[in-house]
$ cat protein.txt   # compact mmCIF, C-alpha atoms
# COMPACT_ATOMS: atom_id res chain seq x y z
CA MET A 1 84.13 69.33 54.02
CA SER A 2 83.81 72.52 51.98
CA GLU A 3 86.14 74.37 54.34
CA THR A 4 89.18 72.31 53.50
CA SER A 5 91.68 73.64 51.01
CA LEU A 6 92.87 71.81 47.93
CA VAL A 7 96.17 71.04 49.59
CA GLN A 8 94.34 69.36 52.41
CA GLU A 9 92.38 67.25 49.95
CA LEU A 10 95.68 66.12 48.54
CA THR A 11 97.47 65.45 51.80
CA LYS A 12 94.65 63.65 53.58
CA GLY A 13 95.22 60.71 51.27
CA LEU A 14 98.83 60.53 52.40
CA TRP A 15 98.31 60.02 56.09
CA GLU A 16 94.90 60.71 57.65
CA GLU A 17 92.94 58.55 55.22
CA ILE A 18 95.76 56.64 53.54
CA PRO A 19 93.85 54.03 51.55
CA PRO A 20 94.72 50.47 52.44
CA PHE A 21 95.42 51.26 56.09
CA ARG A 22 92.95 53.84 57.32
CA LEU A 23 90.07 52.93 55.08
CA VAL A 24 90.78 49.18 54.91
CA LEU A 25 89.69 49.19 51.29
CA GLY A 26 91.35 47.67 48.28
CA LEU A 27 93.09 44.95 50.21
CA CYS A 28 93.26 42.35 47.48
CA PRO A 29 95.83 44.09 45.29
CA THR A 30 97.59 45.36 48.38
CA LEU A 31 98.26 41.83 49.52
CA ALA A 32 98.78 40.22 46.17
CA VAL A 33 101.10 42.47 44.22
CA THR A 34 103.49 43.43 47.01
CA LYS A 35 105.84 40.47 46.70
CA ALA A 36 108.33 42.94 45.33
CA VAL A 37 108.61 46.69 45.31
CA ASP A 38 108.33 47.19 41.54
CA THR A 39 105.03 45.36 41.14
CA GLY A 40 103.61 47.27 44.10
CA PHE A 41 104.71 50.57 42.59
CA GLY A 42 103.37 49.68 39.13
CA MET A 43 100.03 48.70 40.60
CA GLY A 44 99.92 51.96 42.53
CA LEU A 45 100.51 54.00 39.40
CA ALA A 46 97.87 52.10 37.43
CA LEU A 47 95.37 52.65 40.21
CA THR A 48 96.23 56.34 40.53
CA PHE A 49 95.53 56.84 36.83
CA VAL A 50 92.17 55.07 37.03
CA LEU A 51 91.25 56.89 40.22
CA VAL A 52 92.02 60.38 38.93
CA CYS A 53 90.30 59.80 35.58
CA SER A 54 87.19 58.27 37.10
CA ASN A 55 87.01 61.04 39.70
CA ILE A 56 87.16 63.63 36.90
CA LEU A 57 84.38 62.01 34.90
CA VAL A 58 82.15 61.28 37.87
CA SER A 59 82.58 64.82 39.15
CA LEU A 60 81.79 66.31 35.73
CA GLY A 61 78.78 64.09 35.31
CA ARG A 62 77.42 64.38 38.82
CA LYS A 63 74.54 66.60 37.70
CA VAL A 64 73.65 64.30 34.81
CA ILE A 65 73.91 60.90 36.45
CA PRO A 66 70.61 60.05 38.16
CA PRO A 67 71.11 58.90 41.75
CA LYS A 68 69.26 55.63 41.23
CA VAL A 69 71.57 54.25 38.58
CA ARG A 70 74.73 55.92 39.80
CA VAL A 71 76.57 52.75 40.78
CA PRO A 72 76.28 51.10 37.33
CA CYS A 73 77.34 54.40 35.80
CA PHE A 74 80.40 54.57 38.04
CA ILE A 75 81.29 51.00 37.19
CA ILE A 76 81.14 51.64 33.45
CA ILE A 77 83.32 54.74 33.81
CA ILE A 78 85.85 52.86 35.94
CA ALA A 79 85.85 49.80 33.69
CA THR A 80 86.56 51.96 30.65
CA PHE A 81 89.70 53.38 32.21
CA VAL A 82 90.79 49.97 33.44
CA VAL A 83 90.60 48.63 29.90
CA ILE A 84 92.74 51.58 28.77
CA VAL A 85 95.33 50.84 31.47
CA GLU A 86 95.28 47.15 30.62
CA LEU A 87 95.95 47.78 26.93
CA VAL A 88 98.60 50.43 27.56
CA MET A 89 100.47 48.21 30.01
CA GLN A 90 100.27 45.27 27.64
CA ALA A 91 101.83 47.41 24.94
CA TYR A 92 104.58 49.22 26.86
CA THR A 93 105.40 47.32 30.05
CA TYR A 94 104.73 43.75 29.02
CA SER A 95 106.78 42.01 31.75
CA LEU A 96 105.06 44.03 34.47
CA PHE A 97 101.74 43.30 32.81
CA LEU A 98 102.43 39.57 33.04
CA ARG A 99 103.50 39.77 36.68
CA LEU A 100 100.46 41.77 37.75
CA GLY A 101 98.30 39.41 35.73
CA ILE A 102 94.74 39.12 36.89
CA PHE A 103 95.07 42.07 39.24
CA ILE A 104 94.97 44.68 36.48
CA PRO A 105 91.40 43.83 35.38
CA LEU A 106 90.60 43.55 39.07
CA ILE A 107 91.12 47.30 39.52
CA VAL A 108 87.50 47.49 38.32
CA VAL A 109 86.27 46.01 41.54
CA ASN A 110 88.79 47.81 43.72
CA CYS A 111 86.70 49.34 46.46
CA ILE A 112 88.91 52.42 46.67
CA VAL A 113 87.96 53.65 43.21
CA LEU A 114 84.25 53.01 43.61
CA GLY A 115 84.37 54.29 47.17
CA ARG A 116 85.93 57.62 46.16
CA ALA A 117 83.47 58.02 43.28
CA GLU A 118 80.56 57.42 45.60
CA ALA A 119 81.77 59.22 48.70
CA PHE A 120 83.64 62.12 47.17
CA ALA A 121 83.55 62.82 43.45
CA TYR A 122 79.77 62.50 43.15
CA LYS A 123 79.33 65.30 45.66
CA GLN A 124 82.29 67.59 45.02
CA GLY A 125 83.55 69.87 42.29
CA LEU A 126 86.10 69.03 39.63
CA GLY A 127 89.20 70.56 41.22
CA ARG A 128 88.64 68.93 44.56
CA SER A 129 87.95 65.58 42.98
CA ILE A 130 91.17 65.63 40.98
CA PHE A 131 93.19 66.42 44.08
CA ASP A 132 91.34 63.81 46.09
CA GLY A 133 92.02 61.16 43.47
CA LEU A 134 95.64 62.20 43.20
CA GLY A 135 96.14 62.17 46.96
CA MET A 136 94.48 58.80 47.42
CA GLY A 137 96.40 57.36 44.50
CA ILE A 138 99.75 58.59 45.79
CA GLY A 139 98.91 57.32 49.27
CA PHE A 140 98.04 53.93 47.82
CA THR A 141 101.23 53.83 45.73
CA LEU A 142 103.28 54.78 48.77
CA SER A 143 101.70 52.10 50.97
CA LEU A 144 102.17 49.44 48.33
CA SER A 145 105.78 50.44 47.73
CA VAL A 146 106.60 50.35 51.44
CA LEU A 147 104.88 47.01 51.95
CA GLY A 148 106.54 45.67 48.80
CA SER A 149 109.94 46.88 50.00
CA ILE A 150 109.59 45.22 53.39
CA ARG A 151 108.48 41.94 51.89
CA GLU A 152 111.12 41.94 49.18
CA ILE A 153 113.98 42.88 51.49
CA PHE A 154 113.15 40.19 54.03
CA GLY A 155 111.71 37.61 51.68
CA ALA A 156 114.28 37.72 48.90
CA GLY A 157 117.12 39.84 50.20
CA THR A 158 116.81 42.25 47.31
CA TRP A 159 115.31 45.67 46.68
CA ALA A 160 113.96 46.40 43.19
CA GLY A 161 116.11 43.51 41.96
CA MET A 162 119.33 44.72 43.61
CA GLU A 163 121.19 42.29 45.86
CA LEU A 164 121.39 43.72 49.37
CA PHE A 165 122.97 41.28 51.75
CA GLY A 166 125.36 39.17 49.71
CA ALA A 167 125.33 35.42 49.25
CA SER A 168 125.33 34.44 52.93
CA PHE A 169 121.80 35.82 53.44
CA GLN A 170 119.17 33.16 53.95
CA PRO A 171 115.91 34.56 52.49
CA PHE A 172 112.97 34.61 54.85
CA THR A 173 110.58 33.07 52.31
CA PHE A 174 107.62 33.32 54.68
CA MET A 175 107.41 37.00 53.75
CA VAL A 176 106.87 36.47 50.02
CA GLU A 177 104.31 33.71 50.54
CA ALA A 178 100.65 34.51 51.20
CA PRO A 179 100.78 34.36 55.02
CA GLY A 180 103.61 36.89 55.16
CA ALA A 181 101.43 39.40 53.32
CA PHE A 182 98.65 39.19 55.88
CA VAL A 183 100.94 39.27 58.90
CA CYS A 184 103.08 42.09 57.51
CA LEU A 185 100.05 44.24 56.65
CA GLY A 186 98.52 43.56 60.07
CA LEU A 187 101.69 44.58 61.86
CA MET A 188 102.06 47.71 59.74
CA LEU A 189 98.49 48.66 60.55
CA GLY A 190 99.26 48.17 64.24
CA VAL A 191 102.35 50.38 64.00
CA MET A 192 100.37 53.07 62.19
CA ASN A 193 97.66 52.98 64.83
CA LEU A 194 100.32 53.39 67.48
CA ALA A 195 101.92 56.31 65.64
CA GLY A 196 98.57 57.95 64.86
CA LYS A 197 97.49 58.06 68.50
CA LYS A 198 100.04 60.64 69.58
CA MET B 1 88.26 17.03 37.86
CA LEU B 2 88.48 16.07 41.53
CA GLU B 3 92.00 17.43 41.57
CA LEU B 4 90.73 20.76 40.29
CA ALA B 5 87.98 20.83 42.90
CA ILE B 6 90.26 20.03 45.85
CA GLY B 7 92.85 22.40 44.48
CA ALA B 8 90.34 25.22 44.28
CA VAL B 9 88.86 24.63 47.73
CA LEU B 10 92.01 24.01 49.73
CA VAL B 11 95.33 24.31 47.94
CA ASN B 12 94.63 27.48 45.97
CA ASN B 13 92.10 28.83 48.42
CA ILE B 14 90.83 32.00 46.87
CA LEU B 15 90.92 34.08 50.03
CA LEU B 16 94.02 32.95 51.78
CA ILE B 17 96.33 31.92 48.97
CA GLN B 18 95.13 33.90 45.95
CA TYR B 19 94.19 36.99 47.95
CA LEU B 20 90.88 37.64 46.26
CA GLY B 21 87.80 38.95 48.02
CA ASN B 22 89.59 40.24 51.09
CA CYS B 23 87.42 43.30 51.65
CA PRO B 24 84.26 41.33 52.46
CA PHE B 25 86.49 38.80 54.21
CA LEU B 26 87.49 41.35 56.83
CA GLY B 27 84.24 43.30 56.66
CA THR B 28 81.72 40.54 57.19
CA SER B 29 83.64 38.18 59.43
CA LYS B 30 82.98 39.87 62.75
CA LYS B 31 79.89 37.80 63.39
CA MET B 32 79.17 34.22 62.48
CA ASP B 33 75.73 34.79 60.94
CA THR B 34 76.87 37.56 58.60
CA ALA B 35 79.77 35.35 57.53
CA VAL B 36 77.39 32.50 56.71
CA GLY B 37 75.13 34.88 54.76
CA MET B 38 78.02 36.25 52.75
CA ALA B 39 79.41 32.78 52.04
CA MET B 40 76.05 31.56 50.74
CA ALA B 41 75.54 34.64 48.60
CA VAL B 42 78.98 34.25 47.02
CA VAL B 43 78.50 30.57 46.19
CA PHE B 44 75.13 31.32 44.64
CA VAL B 45 76.18 34.30 42.53
CA LEU B 46 79.57 32.97 41.49
CA ALA B 47 78.19 29.74 40.11
CA MET B 48 75.83 31.74 37.91
CA ALA B 49 78.31 34.46 37.02
CA GLY B 50 80.92 31.90 36.02
CA ILE B 51 78.56 30.20 33.59
CA VAL B 52 77.16 33.41 32.12
CA THR B 53 80.51 35.17 31.62
CA TRP B 54 82.05 32.03 30.11
CA ILE B 55 79.22 31.74 27.60
CA ILE B 56 79.39 35.45 26.78
CA TYR B 57 83.13 35.29 26.26
CA TYR B 58 83.06 32.34 23.89
CA VAL B 59 79.77 33.07 22.12
CA LEU B 60 79.91 36.84 21.80
CA LEU B 61 83.38 38.23 22.37
CA VAL B 62 85.65 35.67 20.69
CA PRO B 63 83.76 35.39 17.37
CA PHE B 64 83.81 39.16 16.96
CA GLY B 65 87.42 39.56 18.12
CA LEU B 66 86.42 41.67 21.12
CA GLU B 67 88.43 39.83 23.78
CA TYR B 68 90.01 43.07 24.94
CA ILE B 69 86.78 44.49 26.34
CA ARG B 70 86.13 41.44 28.50
CA THR B 71 86.74 43.48 31.68
CA LEU B 72 84.01 45.91 30.73
CA ALA B 73 81.66 43.18 29.55
CA PHE B 74 82.12 40.95 32.58
CA ILE B 75 81.60 43.62 35.19
CA LEU B 76 78.41 44.75 33.48
CA VAL B 77 77.16 41.19 33.28
CA ILE B 78 77.94 40.57 36.92
CA ALA B 79 76.28 43.81 38.02
CA ALA B 80 73.19 43.03 35.97
CA LEU B 81 73.15 39.43 37.16
CA VAL B 82 73.31 40.44 40.80
CA GLN B 83 70.37 42.80 40.31
CA PHE B 84 68.44 40.14 38.51
CA VAL B 85 69.14 37.50 41.15
CA GLU B 86 68.05 39.98 43.80
CA LEU B 87 64.72 40.68 42.09
CA PHE B 88 64.13 37.03 41.34
CA LEU B 89 64.79 35.88 44.91
CA LYS B 90 62.67 38.67 46.37
CA LYS B 91 59.72 37.50 44.30
CA SER B 92 60.04 33.73 44.39
CA ILE B 93 62.15 32.62 47.37
CA PRO B 94 61.65 35.35 50.02
CA ALA B 95 63.17 33.22 52.78
CA LEU B 96 66.50 32.94 50.98
CA TYR B 97 66.32 36.62 50.05
CA ALA B 98 65.89 37.60 53.67
CA GLY B 99 68.81 35.37 54.59
CA LEU B 100 71.19 36.83 52.01
CA GLY B 101 69.86 40.34 52.67
CA ILE B 102 72.34 43.12 52.15
CA PHE B 103 75.10 40.82 50.99
CA LEU B 104 73.74 40.42 47.50
CA PRO B 105 74.35 44.00 46.27
CA LEU B 106 77.79 43.94 47.88
CA ILE B 107 78.80 41.04 45.69
CA THR B 108 79.02 43.23 42.61
CA THR B 109 82.26 44.64 43.93
CA ASN B 110 83.56 41.38 45.35
CA CYS B 111 86.85 40.67 43.65
CA ALA B 112 86.41 36.95 44.23
CA VAL B 113 83.48 36.76 41.82
CA PHE B 114 85.13 38.80 39.12
CA GLY B 115 88.47 37.12 39.74
CA VAL B 116 87.17 33.59 39.27
CA CYS B 117 85.41 34.60 36.04
CA ILE B 118 88.75 35.90 34.74
CA ILE B 119 90.62 32.80 35.98
CA ASN B 120 88.14 30.61 34.10
CA ILE B 121 89.02 32.42 30.89
CA ASP B 122 92.76 32.77 31.49
CA GLU B 123 93.15 29.05 32.22
CA GLU B 124 91.16 28.25 29.09
CA PHE B 125 88.83 25.89 30.93
CA VAL B 126 86.33 23.84 28.96
CA PHE B 127 82.70 24.10 30.05
CA LEU B 128 82.73 21.29 32.61
CA LYS B 129 85.99 22.41 34.20
CA MET B 130 84.67 25.95 34.35
CA LEU B 131 81.60 24.65 36.16
CA VAL B 132 83.71 22.82 38.74
CA SER B 133 85.95 25.81 39.35
CA SER B 134 83.00 28.22 39.60
CA ILE B 135 81.57 26.10 42.39
CA ALA B 136 84.74 24.95 44.14
CA TYR B 137 86.34 28.41 44.48
CA PRO B 138 83.38 30.00 46.28
CA VAL B 139 83.10 26.91 48.50
CA GLY B 140 86.70 27.54 49.51
CA PHE B 141 85.81 31.18 50.07
CA GLY B 142 82.92 30.20 52.31
CA LEU B 143 85.01 27.69 54.22
CA ALA B 144 87.75 30.20 54.98
CA LEU B 145 85.27 32.96 55.80
CA ILE B 146 83.28 30.84 58.27
CA LEU B 147 86.40 29.44 59.96
CA PHE B 148 87.79 32.95 60.24
CA ALA B 149 84.56 34.31 61.72
CA GLY B 150 84.79 31.65 64.40
CA LEU B 151 88.32 32.74 65.26
CA ARG B 152 87.32 36.38 65.27
CA GLU B 153 84.49 35.85 67.69
CA ARG B 154 87.07 34.42 70.04
CA LEU B 155 89.41 37.36 69.50
CA ILE B 156 86.84 39.75 70.94
CA ILE B 157 87.17 38.01 74.29
CA GLY B 158 90.97 37.88 74.19
CA ARG B 159 93.17 40.69 75.46
CA VAL B 160 94.64 42.42 72.44
CA PRO B 161 96.95 45.47 72.72
CA THR B 162 95.02 48.62 71.75
CA PRO B 163 96.88 49.52 68.53
CA MET B 164 96.50 45.98 67.25
CA GLN B 165 92.76 45.74 67.84
CA ASP B 166 90.16 44.91 65.22
CA THR B 167 91.54 44.88 61.68
CA ALA B 168 95.22 44.66 62.59
CA ILE B 169 94.88 41.52 64.69
CA GLY B 170 92.38 40.20 62.15
CA LEU B 171 95.01 40.41 59.44
CA VAL B 172 97.62 38.66 61.56
CA THR B 173 95.11 35.91 62.35
CA ALA B 174 94.35 35.58 58.64
CA GLY B 175 98.07 35.25 58.10
CA PHE B 176 98.27 32.24 60.37
CA MET B 177 95.19 30.70 58.78
CA SER B 178 96.83 31.22 55.43
CA LEU B 179 99.94 29.48 56.76
CA SER B 180 97.89 26.43 57.67
CA PHE B 181 96.24 26.42 54.25
CA LEU B 182 99.70 26.54 52.72
CA GLY B 183 100.16 23.14 54.36
CA PHE B 184 97.70 21.62 51.87
CA LYS B 185 100.16 22.31 49.09
CA GLY B 186 101.45 18.74 49.00
CA MET B 187 97.99 17.25 48.50
CA ILE B 188 97.84 17.42 44.72
$ encode --input "protein.txt" --output "structure tokens"
Amino acid sequence: MSETSLVQELTKGLWEEIPPFRLVLGLCPTLAVTKAVDTGFGMGLALTFVLVCSNILVSLGRKVIPPKVRVPCFIIIIATFVVIVELVMQAYTYSLFLRLGIFIPLIVVNCIVLGRAEAFAYKQGLGRSIFDGLGMGIGFTLSLSVLGSIREIFGAGTWAGMELFGASFQPFTFMVEAPGAFVCLGLMLGVMNLAGKK
Amino acid sequence: MLELAIGAVLVNNILLIQYLGNCPFLGTSKKMDTAVGMAMAVVFVLAMAGIVTWIIYYVLLVPFGLEYIRTLAFILVIAALVQFVELFLKKSIPALYAGLGIFLPLITTNCAVFGVCIINIDEEFVFLKMLVSSIAYPVGFGLALILFAGLRERLIIGRVPTPMQDTAIGLVTAGFMSLSFLGFKGMI
């Protein structure tokens, strides 16, 4: 691990260990907020912020936090940043806040954040942890945006609210309902496995 | 009340329709016995967490105008509660403790538990309604998890194309289960 450069820490989150697909963590928001591309993107940004900040604090405090109570410590750190995000979004992006609803507080229990704190930031230095958080966050945002785009284009015939196909298009509502999320994510995972094998 | 219960178990199934608690859903559904263990642990902890967080919200947070730190408060309460339940079971009901095993600590980060606690507050449930929802949602969770584990045990035997194996086909299967749960929509 110590041999890898900072750039590699950043880029591994984009393909090799891209969060919802490779690690199969943090599925709940992945499935729930990708009805449209903008909610997926907003969720990704919120998570990136929490991830980077919690990685910074965990990495700085790794010598102080005793191993036995590390998980409660991580959770308090994460929860603090989630509350910050929640309040900021409520103040500045109120409509997005309403559409993401319950899934903003749920970032607390997102396995990606806790997983990175435990598996990476607790063991690594500050610089690496920032890049790791940033990479994972961008990877997550990217995945959510792509999944959101696919579901919105097929399910509603729009992309970020823009009409794409004209009035004759019959929306494929299966895609924006719950089952579409599961099937779409499963198929994307399959395609990525296929592409990753080469 | 009955409407709420049926709604929570079937129509708004927490796993397949509300998308909460999917990580343990895919993680612990490869074998039937782990699925049963997880389902039991969730029912047990959620019923308690629902009651405790509801009381804390209305007795401590609302009177002092601290609603905005509910996320922080709830997660701490749930984490502490899980630890406490673990210690208590270890001491007094070792058989149940052995059965739930490693699933108890995992529940702290189960979005279903935290999610239902938040739903209880957001929907402004009174005490009795909160009680029903805190029991009905995890029952729905358990139902979906156990059904899904049964399907997944079959999938191991089936011939699945290599790139689709394991999680990918699991997700597609969950999609079709979710489709069938969508069919309950007309019930209430």
$ axis_aligned_box --input "protein.txt" --around "range 15-34 of chain A" --padding-each-side "5 Å" --output "AutoDock Vina command-line options"
--center_x 96.6 --center_y 50.5 --center_z 50.9 --size_x 23.8 --size_y 30.5 --size_z 23.4
$ atom_distance --input "protein.txt" --atom1 "CA of Val139 in chain B" --atom2 "CA of Phe88 in chain B"
22.7 Å
$ interface_residues --input "protein.txt" --of "chain B" --to "chain A" --cutoff "7 Å" --atoms "only C-alpha atoms" --output "VMD selection string"
chain B and resid 16 to 17 19 to 23 69 71 to 72 109 to 111 115 163 to 164 168 to 169 171 to 172 174 to 176 178 to 179
$ write_last_selection --input "protein.txt" --atoms "C-alpha atoms" --output "mmCIF file, in the frame of the given file"
data_model
loop_
_atom_site.group_PDB
_atom_site.id
_atom_site.type_symbol
_atom_site.label_atom_id
_atom_site.label_comp_id
_atom_site.auth_asym_id
_atom_site.auth_seq_id
_atom_site.Cartn_x
_atom_site.Cartn_y
_atom_site.Cartn_z
ATOM 1 C CA LEU B 16 94.020 32.950 51.780
ATOM 2 C CA ILE B 17 96.330 31.920 48.970
ATOM 3 C CA TYR B 19 94.190 36.990 47.950
ATOM 4 C CA LEU B 20 90.880 37.640 46.260
ATOM 5 C CA GLY B 21 87.800 38.950 48.020
ATOM 6 C CA ASN B 22 89.590 40.240 51.090
ATOM 7 C CA CYS B 23 87.420 43.300 51.650
ATOM 8 C CA ILE B 69 86.780 44.490 26.340
ATOM 9 C CA THR B 71 86.740 43.480 31.680
ATOM 10 C CA LEU B 72 84.010 45.910 30.730
ATOM 11 C CA THR B 109 82.260 44.640 43.930
ATOM 12 C CA ASN B 110 83.560 41.380 45.350
ATOM 13 C CA CYS B 111 86.850 40.670 43.650
ATOM 14 C CA GLY B 115 88.470 37.120 39.740
ATOM 15 C CA PRO B 163 96.880 49.520 68.530
ATOM 16 C CA MET B 164 96.500 45.980 67.250
ATOM 17 C CA ALA B 168 95.220 44.660 62.590
ATOM 18 C CA ILE B 169 94.880 41.520 64.690
ATOM 19 C CA LEU B 171 95.010 40.410 59.440
ATOM 20 C CA VAL B 172 97.620 38.660 61.560
ATOM 21 C CA ALA B 174 94.350 35.580 58.640
ATOM 22 C CA GLY B 175 98.070 35.250 58.100
ATOM 23 C CA PHE B 176 98.270 32.240 60.370
ATOM 24 C CA SER B 178 96.830 31.220 55.430
ATOM 25 C CA LEU B 179 99.940 29.480 56.760
#
$ residues_near_point --input "protein.txt" --point "(89.9, 36.0, 62.0)" --cutoff "6 Å" --atoms "only C-alpha atoms" --output "list in words"
Phe148, Ala149, Leu151, Arg152, Gly170, Thr173 and Ala174 of chain B
$ residues_around --input "protein.txt" --residues "range 119-130 of chain B" --least-positions-apart "2" --cutoff "9 Å" --atoms "only C-alpha atoms" --output "list in words"
Ile102 of chain A; Met1, Leu4, Gly50, Ile51, Thr53, Trp54, Ile55, Tyr57, Phe114, Gly115, Val116, Cys117, Val132, Ser133, Ser134 and Ile135 of chain B
$ closest_residue --input "protein.txt" --among "B:Leu2, B:Val77, B:Leu61, B:Val113" --to "Val43 in chain B" --atoms "only C-alpha atoms"
B:Val113
$ residues_around --input "protein.txt" --residues "Phe131 in chain A" --least-positions-apart "2" --cutoff "8 Å" --atoms "only C-alpha atoms" --output "list in words"
Leu6, Val7, Glu9, Leu10, Gly127, Arg128, Ser129, Gly133, Leu134 and Gly135 of chain A
$ residues_near_point --input "protein.txt" --point "(82.0, 66.7, 43.1)" --cutoff "10 Å" --atoms "only C-alpha atoms" --output "ChimeraX atom specification"
/A:55-63,117-130
$ atom_distance --input "protein.txt" --atom1 "CA of Glu163 in chain A" --atom2 "CA of Thr39 in chain A"
17.1 Å
$ closest_residue --input "protein.txt" --among "A:Ile18, A:Met43, A:Val69, A:Val52" --to "Ala79 in chain B" --atoms "all atoms listed in the file"
A:Val69
$ atom_distance --input "protein.txt" --atom1 "CA of Asp38 in chain A" --atom2 "CA of Ala160 in chain A"
5.9 Å
$ residues_around --input "protein.txt" --residues "Glu153 in chain B" --least-positions-apart "3" --cutoff "7 Å" --atoms "only C-alpha atoms" --output "ChimeraX atom specification"
/B:30-31,149-150,156
$ write_last_selection --input "protein.txt" --atoms "C-alpha atoms" --output "PDB file, in the coordinates of the input"
ATOM      1  CA  LYS B  30      82.980  39.870  62.750  1.00  0.00           C
ATOM      2  CA  LYS B  31      79.890  37.800  63.390  1.00  0.00           C
ATOM      3  CA  ALA B 149      84.560  34.310  61.720  1.00  0.00           C
ATOM      4  CA  GLY B 150      84.790  31.650  64.400  1.00  0.00           C
ATOM      5  CA  ILE B 156      86.840  39.750  70.940  1.00  0.00           C
TER       6      ILE B 156
END
$ closest_residue --input "protein.txt" --among "A:Gly44, A:Pro20, A:Pro171, A:Gly115" --to "Gly137 in chain A" --atoms "all atoms listed in the file"
A:Gly44
$ residues_around --input "protein.txt" --residues "Leu147 in chain A" --least-positions-apart "3" --cutoff "8 Å" --atoms "all atoms listed in the file" --output "PyMOL selection string"
chain A and resi 34+37+40+143-144+150-151+184-185
